Amino acid sequence: MHKYVAPAFRLKAFSCPFCNAYATFEWSQTKSEVWTRDSYITAIEIAKCHHCKEDTYWEVTERKNEYEPTAARMIIPNHSVAPLPHAEMPEGVAKDYMEARSIINHSPRGAAALLRLAVQRLCGELGEKSKDINADIASLVKKGLPLPIKNALDVVRVIGNNAVHPGKLSDEDIAEVAIPLFELVNAIVEDRIARPKALNELYLRLPEGARKAIDERDAEKPS
């Protein structure tokens with residue numbers, strides 16, 4: 001399965017919000033125009049999915065000049081551009097994740113703050129009971145948390161903190177990193193919950209006699 005790539009203005013390929021396929025898109029301007037001082041300019045662009053042939057519509061929000069749009073937001077379909085939560089994400093964590101996903105198109109800053117809350121809840125699901133997310137991550141590190149996952153937790157924590165403190169990060173900075181934050185939360189769930197569960201289920205498929213022999217071997221004290 002191809003990695004999820006969020007829809008973005010003028011991107012040549014991304015994950016289609018209609019068919020979910022990673023596909024190339026053909027961009028074109030429409031004849032929908034708005035009046036600005038002394039001329040008409042195009043306000044809507046269309047991106048057609050080469051896989052399902054559906055059109056996404058984008059409203060231009062920023063431009064270098066009247067002929068060069070530099071930013072736009074997807075208005076049809078009005079789907080979130082963030083990936084869905086991991087199938088193994090705990091219910092309480094997924095609730096915050098989905099709330100963040102529902103507002104990402106309009107408030108990347110709010111989404112980042114909610115993802116920080118999701119990570120704090122996730123630490124609780126991993127056995128940490130502190131109300132201090134920084135202390136929870138430190139405790140997980142002492143218990144053997146891999147460095148890449150520790151870094152992912154800290155990225156979401158720091159960006160989420162800065163999102164609610166004026167002057168720490170600009171709206172542009174937050175918008176640029178917002179989608180990767182969702183991917184990081186899913187990666188944490190995959191590493192800490194889904195993969196251990198899958199490995200344990202595989203182990204339990206061994207014949208009972210084989211598992212008993214392994215358990216006895218592991219219980220032996222070194223001579």
# chains A, B, ... in the order shown; residues from 1 in each chain; ligands from 1
>>> residues_around(residues="range 122-132 of chain A", least_positions_apart="2", cutoff="10 Å", atoms="only C-alpha atoms", output="ChimeraX atom specification")
/A:89-94,116-120,134-137,139-140,153,185,188-189,192-193
>>> select_by_dssp(residues="range 14-160 of chain A", states="strand (DSSP E or B)", output="PyMOL selection string")
chain A and resi 14-15+22-29+33-36+39-42+44-49+55-65+68-76
>>> residues_around(residues="Thr24 in chain A", least_positions_apart="5", cutoff="6 Å", atoms="only C-alpha atoms", output="list in words")
Lys12, Ala13 and His50 of chain A
>>> closest_residue(among="A:Ala187, A:Leu204, A:Leu114, A:Ala138", to="Lys3 in chain A", atoms="only C-alpha atoms")
A:Ala187
>>> atom_distance(atom1="CA of Ala8 in chain A", atom2="CA of Thr70 in chain A")
11.2 Å
>>> select_by_dssp(residues="range 2-209 of chain A", states="alpha helix (DSSP H)", output="NGL selection string")
:A and (91-103 or 108-125 or 133-142 or 147-163 or 171-189 or 195-204 or 208-209)
>>> closest_residue(among="A:Pro85, A:Gly144, A:Pro77, A:Pro69", to="Pro7 in chain A", atoms="only C-alpha atoms")
A:Pro77
>>> residues_around(residues="Val81 in chain A", least_positions_apart="5", cutoff="8 Å", atoms="only C-alpha atoms", output="ChimeraX atom specification")
/A:6-7,17,101,104-105,179
>>> closest_residue(among="A:Phe14, A:Phe9, A:Tyr203, A:Phe182", to="Ala71 in chain A", atoms="only C-alpha atoms")
A:Phe9
>>> residues_around(residues="range 156-163 of chain A", least_positions_apart="5", cutoff="6 Å", atoms="only C-alpha atoms", output="PyMOL selection string")
chain A and resi 109+112-113+116+168
>>> atom_distance(atom1="CA of Glu54 in chain A", atom2="CA of Leu181 in chain A")
27.8 Å
>>> residues_around(residues="Thr56 in chain A", least_positions_apart="6", cutoff="9 Å", atoms="only C-alpha atoms", output="mmCIF file with all heavy atoms, in the first residue's frame")
data_model
loop_
_atom_site.group_PDB
_atom_site.id
_atom_site.type_symbol
_atom_site.label_atom_id
_atom_site.label_comp_id
_atom_site.auth_asym_id
_atom_site.auth_seq_id
_atom_site.Cartn_x
_atom_site.Cartn_y
_atom_site.Cartn_z
ATOM 1 N N CYS A 16 -6.148 10.345 -3.369
ATOM 2 C CA CYS A 16 -7.422 10.914 -3.800
ATOM 3 C C CYS A 16 -8.451 10.852 -2.669
ATOM 4 O O CYS A 16 -8.661 9.789 -2.071
ATOM 5 C CB CYS A 16 -7.941 10.155 -5.010
ATOM 6 S SG CYS A 16 -9.555 10.752 -5.603
ATOM 7 N N PRO A 17 -9.134 11.965 -2.374
ATOM 8 C CA PRO A 17 -10.155 11.957 -1.323
ATOM 9 C C PRO A 17 -11.428 11.208 -1.724
ATOM 10 O O PRO A 17 -12.274 10.938 -0.882
ATOM 11 C CB PRO A 17 -10.446 13.449 -1.115
ATOM 12 C CG PRO A 17 -10.078 14.103 -2.395
ATOM 13 C CD PRO A 17 -8.921 13.316 -2.927
ATOM 14 N N PHE A 18 -11.548 10.849 -3.003
ATOM 15 C CA PHE A 18 -12.711 10.090 -3.458
ATOM 16 C C PHE A 18 -12.448 8.585 -3.451
ATOM 17 O O PHE A 18 -13.212 7.816 -2.864
ATOM 18 C CB PHE A 18 -13.112 10.523 -4.876
ATOM 19 C CG PHE A 18 -13.782 11.860 -4.945
ATOM 20 C CD1 PHE A 18 -13.096 12.960 -5.439
ATOM 21 C CD2 PHE A 18 -15.093 12.025 -4.525
ATOM 22 C CE1 PHE A 18 -13.712 14.201 -5.515
ATOM 23 C CE2 PHE A 18 -15.723 13.261 -4.603
ATOM 24 C CZ PHE A 18 -15.022 14.356 -5.095
ATOM 25 N N GLU A 45 -9.848 26.417 -9.038
ATOM 26 C CA GLU A 45 -9.121 25.488 -9.889
ATOM 27 C C GLU A 45 -9.628 24.078 -9.650
ATOM 28 O O GLU A 45 -10.166 23.765 -8.574
ATOM 29 C CB GLU A 45 -7.618 25.567 -9.638
ATOM 30 C CG GLU A 45 -7.030 26.898 -10.051
ATOM 31 C CD GLU A 45 -5.536 26.837 -10.329
ATOM 32 O OE1 GLU A 45 -4.983 25.715 -10.432
ATOM 33 O OE2 GLU A 45 -4.921 27.911 -10.445
ATOM 34 N N ILE A 46 -9.459 23.221 -10.655
ATOM 35 C CA ILE A 46 -9.922 21.838 -10.591
ATOM 36 C C ILE A 46 -8.729 20.898 -10.742
ATOM 37 O O ILE A 46 -7.839 21.135 -11.566
ATOM 38 C CB ILE A 46 -10.948 21.541 -11.700
ATOM 39 C CG1 ILE A 46 -12.205 22.381 -11.495
ATOM 40 C CG2 ILE A 46 -11.302 20.057 -11.746
ATOM 41 C CD1 ILE A 46 -13.215 22.238 -12.610
ATOM 42 N N ALA A 47 -8.742 19.838 -9.937
ATOM 43 C CA ALA A 47 -7.733 18.782 -10.083
ATOM 44 C C ALA A 47 -8.479 17.469 -10.330
ATOM 45 O O ALA A 47 -9.275 17.040 -9.486
ATOM 46 C CB ALA A 47 -6.876 18.685 -8.830
ATOM 47 N N LYS A 48 -8.235 16.843 -11.475
ATOM 48 C CA LYS A 48 -8.921 15.594 -11.845
ATOM 49 C C LYS A 48 -8.037 14.396 -11.535
ATOM 50 O O LYS A 48 -6.876 14.332 -11.937
ATOM 51 C CB LYS A 48 -9.291 15.592 -13.330
ATOM 52 C CG LYS A 48 -9.993 14.305 -13.779
ATOM 53 C CD LYS A 48 -10.318 14.330 -15.259
ATOM 54 C CE LYS A 48 -11.447 15.297 -15.548
ATOM 55 N NZ LYS A 48 -12.742 14.820 -15.007
ATOM 56 N N CYS A 49 -8.602 13.426 -10.812
ATOM 57 C CA CYS A 49 -7.891 12.193 -10.478
ATOM 58 C C CYS A 49 -7.810 11.296 -11.711
ATOM 59 O O CYS A 49 -8.830 11.003 -12.340
ATOM 60 C CB CYS A 49 -8.623 11.468 -9.341
ATOM 61 S SG CYS A 49 -7.955 9.841 -8.950
ATOM 62 N N MET A 74 -8.955 23.033 -0.587
ATOM 63 C CA MET A 74 -9.913 22.146 -1.238
ATOM 64 C C MET A 74 -11.295 22.383 -0.650
ATOM 65 O O MET A 74 -11.491 22.297 0.562
ATOM 66 C CB MET A 74 -9.492 20.687 -1.045
ATOM 67 C CG MET A 74 -10.327 19.698 -1.831
ATOM 68 S SD MET A 74 -9.673 18.005 -1.760
ATOM 69 C CE MET A 74 -9.906 17.621 -0.011
ATOM 70 N N ILE A 75 -12.262 22.689 -1.508
ATOM 71 C CA ILE A 75 -13.623 22.963 -1.031
ATOM 72 C C ILE A 75 -14.616 21.876 -1.450
ATOM 73 O O ILE A 75 -15.659 21.723 -0.829
ATOM 74 C CB ILE A 75 -14.121 24.341 -1.520
ATOM 75 C CG1 ILE A 75 -14.016 24.456 -3.043
ATOM 76 C CG2 ILE A 75 -13.349 25.464 -0.853
ATOM 77 C CD1 ILE A 75 -14.607 25.746 -3.609
ATOM 78 N N ILE A 76 -14.300 21.112 -2.493
ATOM 79 C CA ILE A 76 -15.114 19.973 -2.904
ATOM 80 C C ILE A 76 -14.167 18.839 -3.309
ATOM 81 O O ILE A 76 -13.355 19.020 -4.215
ATOM 82 C CB ILE A 76 -16.041 20.316 -4.086
ATOM 83 C CG1 ILE A 76 -16.997 21.450 -3.725
ATOM 84 C CG2 ILE A 76 -16.837 19.083 -4.512
ATOM 85 C CD1 ILE A 76 -17.868 21.888 -4.880
ATOM 86 N N PRO A 77 -14.245 17.686 -2.655
ATOM 87 C CA PRO A 77 -15.133 17.407 -1.522
ATOM 88 C C PRO A 77 -14.600 18.091 -0.259
ATOM 89 O O PRO A 77 -13.414 18.408 -0.168
ATOM 90 C CB PRO A 77 -15.052 15.888 -1.379
ATOM 91 C CG PRO A 77 -13.668 15.556 -1.839
ATOM 92 C CD PRO A 77 -13.392 16.525 -2.975
#
>>> decode(residues="range 60-75 of chain A", atoms="N, CA, C and O atoms", output="mmCIF file, in the first residue's frame")
data_model
loop_
_atom_site.group_PDB
_atom_site.id
_atom_site.type_symbol
_atom_site.label_atom_id
_atom_site.label_comp_id
_atom_site.auth_asym_id
_atom_site.auth_seq_id
_atom_site.Cartn_x
_atom_site.Cartn_y
_atom_site.Cartn_z
ATOM 1 N N VAL A 60 -8.775 29.471 -4.565
ATOM 2 C CA VAL A 60 -7.513 30.185 -4.422
ATOM 3 C C VAL A 60 -7.595 31.141 -3.230
ATOM 4 O O VAL A 60 -8.524 31.941 -3.131
ATOM 5 N N THR A 61 -6.621 31.048 -2.346
ATOM 6 C CA THR A 61 -6.616 31.884 -1.139
ATOM 7 C C THR A 61 -5.467 32.889 -1.114
ATOM 8 O O THR A 61 -5.534 33.895 -0.415
ATOM 9 N N GLU A 62 -4.409 32.605 -1.868
ATOM 10 C CA GLU A 62 -3.275 33.526 -1.935
ATOM 11 C C GLU A 62 -2.732 33.531 -3.352
ATOM 12 O O GLU A 62 -2.839 32.540 -4.074
ATOM 13 N N ARG A 63 -2.144 34.657 -3.753
ATOM 14 C CA ARG A 63 -1.553 34.730 -5.087
ATOM 15 C C ARG A 63 -0.385 35.710 -5.103
ATOM 16 O O ARG A 63 -0.366 36.696 -4.366
ATOM 17 N N LYS A 64 0.582 35.398 -5.937
ATOM 18 C CA LYS A 64 1.726 36.278 -6.128
ATOM 19 C C LYS A 64 1.311 37.518 -6.895
ATOM 20 O O LYS A 64 1.735 38.634 -6.607
ATOM 21 N N ASN A 65 0.477 37.306 -7.883
ATOM 22 C CA ASN A 65 -0.149 38.388 -8.641
ATOM 23 C C ASN A 65 -1.435 37.827 -9.224
ATOM 24 O O ASN A 65 -1.805 36.687 -8.925
ATOM 25 N N GLU A 66 -2.138 38.586 -10.028
ATOM 26 C CA GLU A 66 -3.443 38.120 -10.495
ATOM 27 C C GLU A 66 -3.362 36.911 -11.409
ATOM 28 O O GLU A 66 -4.362 36.229 -11.650
ATOM 29 N N TYR A 67 -2.154 36.587 -11.910
ATOM 30 C CA TYR A 67 -2.012 35.440 -12.790
ATOM 31 C C TYR A 67 -1.337 34.239 -12.116
ATOM 32 O O TYR A 67 -1.289 33.166 -12.705
ATOM 33 N N GLU A 68 -0.805 34.411 -10.924
ATOM 34 C CA GLU A 68 -0.039 33.352 -10.281
ATOM 35 C C GLU A 68 -0.566 33.044 -8.880
ATOM 36 O O GLU A 68 -0.103 33.615 -7.896
ATOM 37 N N PRO A 69 -1.537 32.117 -8.753
ATOM 38 C CA PRO A 69 -1.995 31.709 -7.432
ATOM 39 C C PRO A 69 -0.906 30.905 -6.731
ATOM 40 O O PRO A 69 -0.195 30.113 -7.359
ATOM 41 N N THR A 70 -0.760 31.107 -5.441
ATOM 42 C CA THR A 70 0.281 30.409 -4.680
ATOM 43 C C THR A 70 -0.284 29.478 -3.606
ATOM 44 O O THR A 70 0.431 28.633 -3.087
ATOM 45 N N ALA A 71 -1.556 29.621 -3.285
ATOM 46 C CA ALA A 71 -2.165 28.760 -2.266
ATOM 47 C C ALA A 71 -3.653 28.642 -2.523
ATOM 48 O O ALA A 71 -4.289 29.546 -3.063
ATOM 49 N N ALA A 72 -4.222 27.502 -2.136
ATOM 50 C CA ALA A 72 -5.659 27.278 -2.281
ATOM 51 C C ALA A 72 -6.082 26.203 -1.291
ATOM 52 O O ALA A 72 -5.263 25.418 -0.818
ATOM 53 N N ARG A 73 -7.374 26.179 -0.985
ATOM 54 C CA ARG A 73 -7.898 25.143 -0.105
ATOM 55 C C ARG A 73 -8.944 24.324 -0.848
ATOM 56 O O ARG A 73 -9.715 24.856 -1.661
ATOM 57 N N MET A 74 -8.955 23.033 -0.587
ATOM 58 C CA MET A 74 -9.913 22.146 -1.238
ATOM 59 C C MET A 74 -11.295 22.383 -0.650
ATOM 60 O O MET A 74 -11.491 22.297 0.562
ATOM 61 N N ILE A 75 -12.262 22.689 -1.508
ATOM 62 C CA ILE A 75 -13.623 22.963 -1.031
ATOM 63 C C ILE A 75 -14.616 21.876 -1.450
ATOM 64 O O ILE A 75 -15.659 21.723 -0.829
#
